[in-house]
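Participant: I am sharing entry34.txt, which consists of compact mmCIF, C-alpha atoms and all ligand atoms:
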```
# COMPACT_ATOMS: atom_id res chain seq x y z
CA MET A 1 80.43 110.32 135.41
CA HIS A 2 81.17 110.57 131.71
CA ARG A 3 82.07 107.60 129.60
CA VAL A 4 84.28 108.42 126.62
CA PRO A 5 84.81 105.53 124.22
CA PHE A 6 88.08 105.10 122.36
CA GLY A 7 86.15 104.93 119.11
CA ASP A 8 82.49 104.61 118.09
CA LEU A 9 81.71 103.76 114.49
CA SER A 10 77.96 103.78 115.09
CA ARG A 11 78.03 107.59 115.44
CA GLN A 12 79.41 108.00 111.94
CA TYR A 13 76.88 105.57 110.50
CA ALA A 14 74.02 107.38 112.27
CA ARG A 15 75.08 110.68 110.65
CA HIS A 16 75.50 109.29 107.13
CA ARG A 17 73.01 106.44 107.16
CA ASN A 18 71.09 107.50 104.05
CA GLU A 19 74.16 107.89 101.82
CA ILE A 20 75.64 104.61 103.03
CA ASP A 21 72.41 102.61 102.82
CA SER A 22 71.73 103.81 99.31
CA ALA A 23 75.30 102.95 98.23
CA ILE A 24 74.87 99.40 99.56
CA ASN A 25 71.43 99.05 97.98
CA ARG A 26 72.79 100.20 94.62
CA VAL A 27 75.16 97.24 94.66
CA LEU A 28 72.52 94.77 95.83
CA GLU A 29 70.14 95.88 93.09
CA ARG A 30 72.81 95.77 90.41
CA GLY A 31 73.69 92.20 91.40
CA TRP A 32 77.43 92.47 90.63
CA PHE A 33 79.69 91.95 93.63
CA VAL A 34 83.37 91.59 92.70
CA LEU A 35 85.46 93.77 90.33
CA GLY A 36 82.77 96.04 88.93
CA GLU A 37 81.69 99.63 88.52
CA GLU A 38 81.97 100.68 92.20
CA GLY A 39 85.50 99.34 92.55
CA ARG A 40 86.57 100.96 89.29
CA LEU A 41 85.14 104.34 90.31
CA PHE A 42 86.53 104.16 93.84
CA GLU A 43 89.98 103.44 92.42
CA GLN A 44 89.73 106.58 90.26
CA GLU A 45 88.40 108.69 93.12
CA TRP A 46 91.01 107.46 95.61
CA ALA A 47 93.88 108.01 93.15
CA ALA A 48 92.59 111.56 92.55
CA PHE A 49 92.23 112.22 96.28
CA VAL A 50 95.82 111.22 97.08
CA GLY A 51 97.31 112.65 93.89
CA ALA A 52 98.51 109.35 92.43
CA VAL A 53 98.25 108.15 88.83
CA ASP A 54 96.29 105.01 89.68
CA ALA A 55 94.84 103.05 92.58
CA VAL A 56 94.25 99.31 92.72
CA GLY A 57 91.80 97.98 95.28
CA CYS A 58 92.59 94.82 97.23
CA GLY A 59 91.41 92.79 100.19
CA SER A 60 93.22 94.49 103.10
CA GLY A 61 96.12 96.71 104.09
CA THR A 62 98.24 93.64 104.78
CA GLU A 63 97.56 92.42 101.25
CA ALA A 64 98.28 95.89 99.86
CA ILE A 65 101.82 95.66 101.29
CA HIS A 66 102.25 92.11 100.04
CA LEU A 67 100.97 92.93 96.53
CA ALA A 68 102.92 96.20 96.24
CA LEU A 69 106.23 94.51 97.07
CA TRP A 70 105.37 91.53 94.86
CA ALA A 71 104.61 93.91 91.96
CA HIS A 72 108.07 95.42 92.43
CA GLY A 73 109.61 91.96 92.14
CA VAL A 74 110.38 91.46 95.84
CA GLY A 75 110.58 87.77 96.72
CA PRO A 76 112.51 85.07 98.59
CA GLY A 77 116.16 85.99 99.12
CA ASP A 78 115.46 89.74 99.16
CA VAL A 79 115.80 92.03 102.17
CA VAL A 80 113.10 94.55 103.10
CA VAL A 81 113.57 97.15 105.86
CA THR A 82 110.88 98.54 108.13
CA VAL A 83 110.49 99.72 111.75
CA PRO A 84 109.82 97.72 114.94
CA ASN A 85 107.08 99.89 116.54
CA THR A 86 104.51 99.33 113.82
CA CYS A 87 101.30 97.39 113.68
CA VAL A 88 102.42 93.80 113.06
CA PRO A 89 100.64 93.51 109.64
CA THR A 90 103.36 95.73 108.12
CA VAL A 91 105.74 92.86 108.76
CA ALA A 92 103.15 90.19 107.91
CA GLY A 93 102.68 91.82 104.48
CA ILE A 94 106.43 91.92 103.86
CA SER A 95 106.88 88.32 105.03
CA LEU A 96 104.21 87.07 102.62
CA THR A 97 106.61 87.88 99.75
CA GLY A 98 109.16 85.47 101.23
CA ALA A 99 111.62 88.34 101.73
CA ARG A 100 113.68 88.68 104.91
CA VAL A 101 112.58 91.47 107.26
CA VAL A 102 115.35 93.69 108.61
CA LEU A 103 114.50 96.45 111.09
CA CYS A 104 115.88 99.90 111.79
CA ASP A 105 115.18 102.17 114.76
CA VAL A 106 112.93 105.22 114.91
CA ASN A 107 113.34 108.83 115.95
CA PRO A 108 112.60 108.99 119.69
CA ASP A 109 110.54 112.19 119.41
CA THR A 110 108.38 111.41 116.36
CA ALA A 111 108.25 107.57 116.61
CA LEU A 112 108.90 107.46 112.84
CA MET A 113 111.66 105.76 110.81
CA ASP A 114 115.04 107.30 111.63
CA PRO A 115 116.97 107.98 108.39
CA SER A 116 120.35 107.56 110.10
CA SER A 117 119.40 104.14 111.48
CA LEU A 118 118.09 103.25 108.01
CA GLU A 119 121.39 104.35 106.50
CA GLU A 120 123.28 101.93 108.76
CA VAL A 121 121.06 99.06 107.66
CA LEU A 122 121.44 100.05 104.01
CA SER A 123 125.20 99.95 104.32
CA GLU A 124 125.13 96.50 105.98
CA HIS A 125 122.62 94.71 103.73
CA ARG A 126 121.68 94.64 100.07
CA VAL A 127 118.18 95.99 100.52
CA LYS A 128 115.52 95.56 97.86
CA ALA A 129 112.78 97.69 99.43
CA VAL A 130 112.29 100.18 102.27
CA VAL A 131 108.88 100.36 103.95
CA PRO A 132 108.48 103.49 106.11
CA VAL A 133 105.29 103.59 108.17
CA HIS A 134 103.33 106.83 108.55
CA LEU A 135 102.56 105.80 112.10
CA TYR A 136 99.57 107.36 113.87
CA GLY A 137 98.86 109.34 110.67
CA THR A 138 102.08 111.36 110.71
CA PRO A 139 104.16 111.13 107.51
CA ALA A 140 107.68 109.75 107.83
CA ASP A 141 110.65 111.77 106.53
CA LEU A 142 109.96 110.73 102.93
CA SER A 143 112.49 112.84 101.08
CA ARG A 144 115.46 111.72 103.20
CA ILE A 145 114.30 108.10 103.20
CA ALA A 146 113.70 108.15 99.44
CA GLY A 147 117.13 109.72 98.86
CA LEU A 148 118.83 106.97 100.86
CA ALA A 149 116.77 104.22 99.23
CA ALA A 150 117.63 105.51 95.75
CA GLN A 151 121.32 105.78 96.63
CA HIS A 152 121.30 102.09 97.57
CA GLY A 153 119.13 100.92 94.66
CA ALA A 154 116.13 100.09 96.87
CA VAL A 155 112.50 100.81 96.04
CA LEU A 156 110.32 102.82 98.48
CA VAL A 157 106.93 101.31 99.33
CA ASP A 158 105.22 103.31 102.06
CA ASP A 159 102.74 101.95 104.58
CA ALA A 160 99.97 104.56 104.70
CA ALA A 161 97.44 102.32 106.45
CA GLN A 162 97.03 105.09 109.07
CA ALA A 163 97.63 108.12 106.85
CA HIS A 164 94.47 108.89 104.83
CA GLY A 165 94.49 112.62 104.16
CA ALA A 166 97.85 113.25 105.88
CA ARG A 167 100.14 115.69 104.08
CA TYR A 168 103.86 115.71 103.51
CA ARG A 169 105.18 119.13 102.47
CA SER A 170 101.63 120.30 101.65
CA ARG A 171 100.84 117.37 99.35
CA PRO A 172 98.82 114.31 100.30
CA VAL A 173 100.66 111.15 101.28
CA GLY A 174 100.50 109.10 98.09
CA ALA A 175 101.39 112.03 95.79
CA GLN A 176 105.17 111.71 96.20
CA GLY A 177 105.74 109.23 93.39
CA PHE A 178 106.12 106.04 95.46
CA THR A 179 104.01 102.91 95.72
CA THR A 180 101.75 103.53 98.69
CA CYS A 181 99.73 100.98 100.66
CA TRP A 182 96.36 101.72 102.24
CA SER A 183 94.05 99.90 104.63
CA PHE A 184 90.33 100.63 104.84
CA TYR A 185 89.80 98.52 107.94
CA PRO A 186 86.59 99.83 109.60
CA SER A 187 88.34 101.92 112.27
CA LYS A 188 90.72 103.65 109.84
CA ASN A 189 90.14 107.35 109.04
CA LEU A 190 88.43 106.10 105.88
CA GLY A 191 86.96 102.74 106.80
CA ALA A 192 84.88 100.12 105.02
CA PHE A 193 82.39 97.79 106.74
CA GLY A 194 84.80 94.90 106.62
CA ASP A 195 88.34 94.34 105.37
CA ALA A 196 89.51 96.40 102.39
CA GLY A 197 92.72 97.93 101.05
CA ALA A 198 94.38 99.56 98.06
CA VAL A 199 97.75 100.36 96.53
CA THR A 200 98.31 103.72 94.85
CA THR A 201 101.04 104.13 92.28
CA HIS A 202 102.51 106.53 89.74
CA SER A 203 103.52 103.71 87.40
CA PRO A 204 101.04 102.30 84.87
CA GLU A 205 103.18 99.13 84.67
CA ILE A 206 103.00 98.56 88.43
CA ALA A 207 99.23 99.20 88.34
CA GLU A 208 98.84 96.62 85.57
CA ARG A 209 100.85 94.04 87.53
CA LEU A 210 98.83 94.75 90.67
CA ARG A 211 95.57 94.20 88.77
CA MET A 212 96.83 90.82 87.61
CA LEU A 213 98.37 89.79 90.94
CA ARG A 214 95.17 90.46 92.90
CA ASN A 215 93.13 88.42 90.43
CA TYR A 216 95.03 85.09 90.15
CA GLY A 217 97.52 86.58 87.70
CA GLN A 218 94.84 86.86 85.01
CA GLU A 219 95.45 89.14 82.06
CA ARG A 220 91.94 88.40 80.84
CA ARG A 221 89.43 85.82 81.93
CA TYR A 222 91.04 82.38 82.24
CA TYR A 223 94.35 83.55 80.72
CA HIS A 224 96.95 83.72 83.49
CA LYS A 225 100.07 85.64 82.60
CA ILE A 226 101.79 85.51 86.00
CA PRO A 227 101.22 83.61 89.24
CA GLY A 228 98.93 85.63 91.51
CA THR A 229 96.48 85.44 94.37
CA ASN A 230 92.92 86.44 95.23
CA SER A 231 92.84 89.82 96.96
CA ARG A 232 90.05 92.07 95.67
CA LEU A 233 88.08 95.01 96.99
CA ASP A 234 84.44 93.92 96.73
CA GLU A 235 81.69 96.11 95.32
CA ILE A 236 79.82 96.67 98.59
CA GLN A 237 82.97 97.89 100.36
CA ALA A 238 83.90 100.07 97.38
CA ALA A 239 80.42 101.65 97.34
CA ILE A 240 80.63 102.36 101.09
CA LEU A 241 84.07 103.93 100.67
CA ARG A 242 82.73 106.08 97.80
CA ALA A 243 79.91 107.29 100.03
CA LYS A 244 82.33 108.19 102.82
CA LEU A 245 85.19 109.71 100.80
CA PRO A 246 83.50 113.13 100.28
CA HIS A 247 83.50 113.53 104.09
CA LEU A 248 87.13 112.59 104.68
CA GLU A 249 88.49 116.13 104.55
CA ALA A 250 86.00 117.39 107.13
CA TRP A 251 86.70 114.38 109.37
CA THR A 252 90.45 115.03 109.12
CA ALA A 253 89.93 118.69 110.01
CA ARG A 254 87.91 117.69 113.07
CA ARG A 255 90.61 115.21 114.15
CA ALA A 256 93.22 117.99 113.82
CA GLU A 257 91.04 120.26 115.95
CA ILE A 258 90.77 117.59 118.67
CA ALA A 259 94.53 116.98 118.49
CA GLN A 260 95.15 120.70 118.92
CA ARG A 261 92.89 120.78 121.99
CA TYR A 262 94.75 117.80 123.47
CA ARG A 263 98.14 119.36 122.70
CA THR A 264 97.39 122.69 124.31
CA GLY A 265 95.03 121.42 127.02
CA ILE A 266 97.04 118.51 128.45
CA THR A 267 99.78 120.15 130.48
CA ASN A 268 100.35 117.44 133.09
CA PRO A 269 104.16 117.14 133.48
CA ALA A 270 103.80 113.34 133.84
CA LEU A 271 102.57 113.20 130.21
CA ARG A 272 104.49 114.10 127.04
CA HIS A 273 103.17 114.79 123.56
CA LEU A 274 104.84 113.33 120.47
CA PHE A 275 106.63 115.77 118.18
CA ILE A 276 105.00 116.44 114.79
CA PRO A 277 107.53 117.75 112.23
CA THR A 278 106.68 121.21 110.88
CA ASN A 279 106.68 120.15 107.20
CA VAL A 280 103.84 117.63 107.59
CA SER A 281 100.16 117.58 108.56
CA SER A 282 99.19 114.51 110.51
CA CYS A 283 95.73 113.09 109.89
CA TYR A 284 95.72 112.00 113.56
CA HIS A 285 94.57 108.46 113.06
CA LEU A 286 95.65 108.13 116.68
CA TYR A 287 96.69 110.57 119.38
CA PRO A 288 99.28 108.87 121.56
CA ILE A 289 100.95 110.57 124.49
CA ARG A 290 103.88 109.21 126.49
CA THR A 291 104.25 108.43 130.15
CA ALA A 292 106.71 106.40 132.17
CA ALA A 293 103.76 105.44 134.40
CA ARG A 294 101.57 103.94 131.68
CA ASP A 295 99.90 101.17 133.66
CA GLY A 296 98.85 103.64 136.33
CA PHE A 297 97.62 106.10 133.70
CA LEU A 298 95.53 103.42 131.96
CA ARG A 299 93.98 102.40 135.28
CA PHE A 300 93.32 106.02 136.25
CA MET A 301 91.68 106.87 132.92
CA ALA A 302 89.58 103.67 133.05
CA GLU A 303 88.33 104.69 136.50
CA LYS A 304 87.39 108.08 135.02
CA GLY A 305 85.49 106.27 132.26
CA VAL A 306 87.93 107.26 129.50
CA GLU A 307 88.88 104.37 127.25
CA CYS A 308 92.53 104.44 126.15
CA LEU A 309 94.51 101.85 124.15
CA VAL A 310 98.18 101.13 123.54
CA HIS A 311 99.62 101.26 120.01
CA TYR A 312 101.68 99.13 120.31
CA PRO A 313 102.80 97.44 123.52
CA VAL A 314 105.32 95.01 122.02
CA PRO A 315 107.69 95.91 119.17
CA VAL A 316 107.85 93.49 116.25
CA HIS A 317 111.27 92.06 117.16
CA LEU A 318 110.07 91.10 120.66
CA GLN A 319 106.90 89.38 119.42
CA GLU A 320 106.98 85.62 119.77
CA ALA A 321 106.13 85.20 116.08
CA TYR A 322 109.17 87.20 114.97
CA ARG A 323 111.79 85.80 117.32
CA TYR A 324 113.25 84.05 114.30
CA LEU A 325 114.39 87.43 112.97
CA GLY A 326 117.18 87.07 115.54
CA TYR A 327 116.88 90.36 117.42
CA ALA A 328 116.90 90.92 121.19
CA ARG A 329 115.76 93.61 123.64
CA GLY A 330 118.18 96.51 123.40
CA ASP A 331 118.58 96.30 119.61
CA PHE A 332 116.14 99.17 118.94
CA PRO A 333 116.14 101.27 122.13
CA HIS A 334 113.96 104.12 120.83
CA ALA A 335 111.24 101.87 119.46
CA GLU A 336 111.34 99.75 122.62
CA ARG A 337 111.01 102.75 124.92
CA LEU A 338 108.11 104.12 122.84
CA CYS A 339 106.35 100.77 123.07
CA ASP A 340 106.77 100.91 126.86
CA GLU A 341 105.45 104.47 127.17
CA VAL A 342 102.83 105.32 124.52
CA VAL A 343 99.13 105.41 125.25
CA SER A 344 96.46 106.55 122.79
CA LEU A 345 93.64 108.87 123.86
CA PRO A 346 90.14 108.68 122.32
CA MET A 347 90.30 110.08 118.79
CA PHE A 348 87.53 110.09 116.21
CA ALA A 349 85.76 112.85 114.32
CA GLU A 350 82.43 112.46 116.12
CA LEU A 351 83.85 113.08 119.63
CA SER A 352 82.01 116.04 121.16
CA ASP A 353 83.82 119.07 122.59
CA ASP A 354 82.53 118.11 126.02
CA GLU A 355 84.04 114.65 125.70
CA VAL A 356 87.37 116.10 124.56
CA ASP A 357 87.36 118.53 127.50
CA TYR A 358 86.61 115.66 129.87
CA VAL A 359 89.55 113.63 128.48
CA ILE A 360 91.83 116.66 128.98
CA GLU A 361 90.55 117.29 132.50
CA SER A 362 91.01 113.62 133.41
CA ALA A 363 94.53 113.41 131.95
CA ASN A 364 95.54 116.55 133.85
CA ALA A 365 94.24 115.08 137.09
CA PHE A 366 96.57 112.06 136.82
CA GLN A 367 99.37 112.04 139.36
CA GLY A 368 102.18 110.14 137.70
C1 LIG B 401 100.47 100.56 110.04
C2 LIG B 401 99.56 99.47 109.53
N1 LIG B 401 99.99 98.68 108.52
C3 LIG B 401 99.22 97.71 108.01
C4 LIG B 401 97.94 97.48 108.48
C5 LIG B 401 97.18 96.35 107.93
O1 LIG B 401 95.93 96.69 107.45
P1 LIG B 401 94.74 95.60 107.45
O2 LIG B 401 94.26 95.46 108.85
O3 LIG B 401 93.73 96.23 106.53
O4 LIG B 401 95.28 94.34 106.90
C6 LIG B 401 97.45 98.28 109.53
C7 LIG B 401 96.10 98.13 110.08
O5 LIG B 401 95.67 97.20 110.67
C8 LIG B 401 98.28 99.30 110.06
O6 LIG B 401 97.86 100.08 111.07
```
Take the structure in this file and express it as structure tokens.
Facilitator:
Amino acid sequence: MHRVPFGDLSRQYARHRNEIDSAINRVLERGWFVLGEEGRLFEQEWAAFVGAVDAVGCGSGTEAIHLALWAHGVGPGDVVVTVPNTCVPTVAGISLTGARVVLCDVNPDTALMDPSSLEEVLSEHRVKAVVPVHLYGTPADLSRIAGLAAQHGAVLVDDAAQAHGARYRSRPVGAQGFTTCWSFYPSKNLGAFGDAGAVTTHSPEIAERLRMLRNYGQERRYYHKIPGTNSRLDEIQAAILRAKLPHLEAWTARRAEIAQRYRTGITNPALRHLFIPTNVSSCYHLYPIRTAARDGFLRFMAEKGVECLVHYPVPVHLQEAYRYLGYARGDFPHAERLCDEVVSLPMFAELSDDEVDYVIESANAFQG
């Protein structure tokens, strides 16, 4: 019997060991570990890759969301809108600003922010910022969301923690002129060897604020212009990310190839694929399918030796931690149903064709 893991970071390291080891050694030999040459160069390279004016490294994707909103002046008393079927750190990052989180529903076919649900929220609340999530690596409907946000005087800060290399209307996510938040958590499409994040921006003023906010509000050493925090991308992580970045396009292409095989190969009527809009290219951070018989499918795939995971089983508004937001089951029916039905298949660039074929064969053998 095969065993197909959900992910396996050791395969990537094995293939790129020399480049990664020498990047780490470069930092060790230089003896400079926080806010140095590697971070500065990675920021330039990442901004160029996504087509933004600047990038500012920080400690994690959660912190990227916190810092980005903070830099735009979001704070206590403000309202920020996002979606319920996201990874909880989207909401954790927003909450760190002290702003109130308000949710809107998602499109049932794409699992992404639904502009008409957003519009309802925008007409009911004075919203300071809208945070669409490019969930699973598929860009949200940015132009409609941005149009609505602008109409209501709200800023758009997008959560691209899963969207490295994804494209919206042929341009990379991050190139659209918004403030975009990235995570380089190890299992992301571009992952560090620990926590890491960044914010990309098209505004030199926002970039300057971000650089102060992440470094205790310092304008220069020991001169603090604004209150800030400590959230920096360290030199070892930046050097690792620089070593990996030249491979990101090839990894994304391989993920797209695997996704295509899943899409055409899995024809079991008990399983449904998510819809990817025609004007975007997903970077397939994850490949979820839907089934009303999820528990049975998970058990069946586990017996076959195929590791699957659920992203995410409980929407934000039904999490114990966010009960205080005041929502109940039934408030966001599309997000709730997706959380009940989605299940992610193994997806990483180093999966072999044989493994992909085995996942397809196993999924097709499931009797829902
Ligand atoms: C959609 C989304 N937003 C935010 C985050 C937070 O990133 P991090 O884990 O780097 O804090 C993640 C990843 O965990 C994510 O998937």
Participant: Can you tell me how far atom CA of Glu45 of chain A sits from atom CA of Thr278 of chain A, in Å to one decimal?
Facilitator: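 Result for atom CA of Glu45 of chain A versus atom CA of Thr278 of chain A: 28.4 Å, one decimal.
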Participant: Around ligand LIG 401 (chain B), out to 9 Å and counting all atoms listed in the file, which residues are there? I want them as a ChimeraX atom specification.
Facilitator: /A:59-65,86-93,133-137,159-163,181-188,195-197
Participant: Rounded to one decimal, what separation in Å do you get between atom CA of His66 of chain A and atom CA of Phe178 of chain A?
Facilitator: 15.2 Å
Participant: List every protein, DNA or RNA residue that has an atom no more than 12 Å from (102.9, 99.6, 84.5) in the file's coordinate frame, counting all atoms listed in the file, and report them as a VMD selection string.
Facilitator: chain A and resid 53 to 56 71 to 72 179 201 to 212
Participant: What is the atom CA of Gly98 of chain A to atom CA of Gly73 of chain A distance in Å?
Facilitator: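 Atom-to-atom, atom CA of Gly98 of chain A to atom CA of Gly73 of chain A, that is 11.2 Å.
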Participant: Please determine, counting only C-alpha atoms, which residue among A:Leu9, A:Ala68, A:Leu325, A:Val74 has the shortest atom-to-atom distance to Thr180 of chain A.
Facilitator: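 For Thr180 of chain A, the nearest of the given residues is A:Ala68.
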Participant: Considering all atoms listed in the file, can you say which of A:His224, A:Arg169, A:Arg254, A:Arg40 comes closest to Asp353 of chain A?
Facilitator: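 Checking each candidate against Asp353 of chain A, we get A:Arg254 as the closest.
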Participant: Extract, using all atoms listed in the file, all DNA, RNA and protein residues at most 12 Å from Tyr322 of chain A, discarding same-chain residues fewer than 5 positions from it, and format them as an mmCIF file with C-alpha atoms, in the frame of the given file.
Facilitator:
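result26.cif, written as the output of this step:
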```cif
data_model
loop_
_atom_site.group_PDB
_atom_site.id
_atom_site.type_symbol
_atom_site.label_atom_id
_atom_site.label_comp_id
_atom_site.auth_asym_id
_atom_site.auth_seq_id
_atom_site.Cartn_x
_atom_site.Cartn_y
_atom_site.Cartn_z
ATOM 1 C CA PRO A 84 109.820 97.720 114.940
ATOM 2 C CA VAL A 88 102.420 93.800 113.060
ATOM 3 C CA PRO A 89 100.640 93.510 109.640
ATOM 4 C CA VAL A 91 105.740 92.860 108.760
ATOM 5 C CA ALA A 92 103.150 90.190 107.910
ATOM 6 C CA SER A 95 106.880 88.320 105.030
ATOM 7 C CA ARG A 100 113.680 88.680 104.910
ATOM 8 C CA VAL A 101 112.580 91.470 107.260
ATOM 9 C CA VAL A 102 115.350 93.690 108.610
ATOM 10 C CA LEU A 103 114.500 96.450 111.090
ATOM 11 C CA VAL A 314 105.320 95.010 122.020
ATOM 12 C CA PRO A 315 107.690 95.910 119.170
ATOM 13 C CA VAL A 316 107.850 93.490 116.250
ATOM 14 C CA HIS A 317 111.270 92.060 117.160
ATOM 15 C CA TYR A 327 116.880 90.360 117.420
ATOM 16 C CA ALA A 328 116.900 90.920 121.190
#
```
Participant: Which residue out of A:Ala349, A:Ala243, A:Ala270, A:Asn85 has the minimum interatomic distance to Pro313 of chain A when all atoms listed in the file are used?
Facilitator: A:Asn85
Participant: Could you write out as JSON the box around segment 325-331 of chain A (axis-aligned, all atoms listed in the file, 8 Å on each side), with centre and edge lengths in Å to one decimal?
Facilitator:
```
{"center_x": 116.5, "center_y": 91.8, "center_z": 118.3, "size_x": 20.2, "size_y": 25.4, "size_z": 26.7}
```
Participant: Would you mind listing what lies within 7 Å of segment 11-26 of chain A as a PyMOL selection string, with all atoms listed in the file counted and same-chain residues fewer than 6 positions away left out?
Facilitator: chain A and resi 236+239-240+243+350
Participant: Give me the residues near Ile276 of chain A as a JSON list (two decimals) with C-alpha atoms, in the coordinates of the input, where near means some atom within 9 Å (using only C-alpha atoms) and where sequence neighbours in that chain fewer than 2 positions away do not count.
Facilitator:
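File produced: out-v5.json:
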```
[["chain", "number", "residue", "atom", "x", "y", "z"],
["A", 109, "ASP", "CA", 110.54, 112.19, 119.41],
["A", 110, "THR", "CA", 108.38, 111.41, 116.36],
["A", 138, "THR", "CA", 102.08, 111.36, 110.71],
["A", 274, "LEU", "CA", 104.84, 113.33, 120.47],
["A", 278, "THR", "CA", 106.68, 121.21, 110.88],
["A", 279, "ASN", "CA", 106.68, 120.15, 107.20],
["A", 280, "VAL", "CA", 103.84, 117.63, 107.59],
["A", 281, "SER", "CA", 100.16, 117.58, 108.56],
["A", 282, "SER", "CA", 99.19, 114.51, 110.51]]
```
Participant: Within 6 Å of (101.4, 110.2, 123.5) (file coordinates; all atoms listed in the file), which protein or nucleic acid residues are there? I'd like them as a list in words.
Facilitator: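 Final list of nearby residues, as requested, is His273, Leu274, Pro288, Ile289, Arg290, Val342 and Val343 of chain A.
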Participant: Between A:Leu69, A:Ala238, A:Ile226, A:Cys104, which one has atoms that come closest to Glu37 of chain A, using only C-alpha atoms?
Facilitator: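 Of all the options, A:Ala238 lies closest to Glu37 of chain A.
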Participant: Using only C-alpha atoms for the distances, tell me which of A:Cys339, A:Ala150, A:Ala256, A:Ala175 is nearest to Trp46 of chain A.
Facilitator: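 Result for the nearest residue to Trp46 of chain A: A:Ala175.
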Participant: So that I can check the surroundings of Ala129 of chain A, please list as a list in words every protein, DNA and RNA residue that reaches within 6 Å of it, counting only C-alpha atoms and ignoring chain neighbours fewer than 3 positions away.
Facilitator: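 Close residues of Ala129 of chain A: Val80, Ala154, Val155 and Leu156 of chain A.
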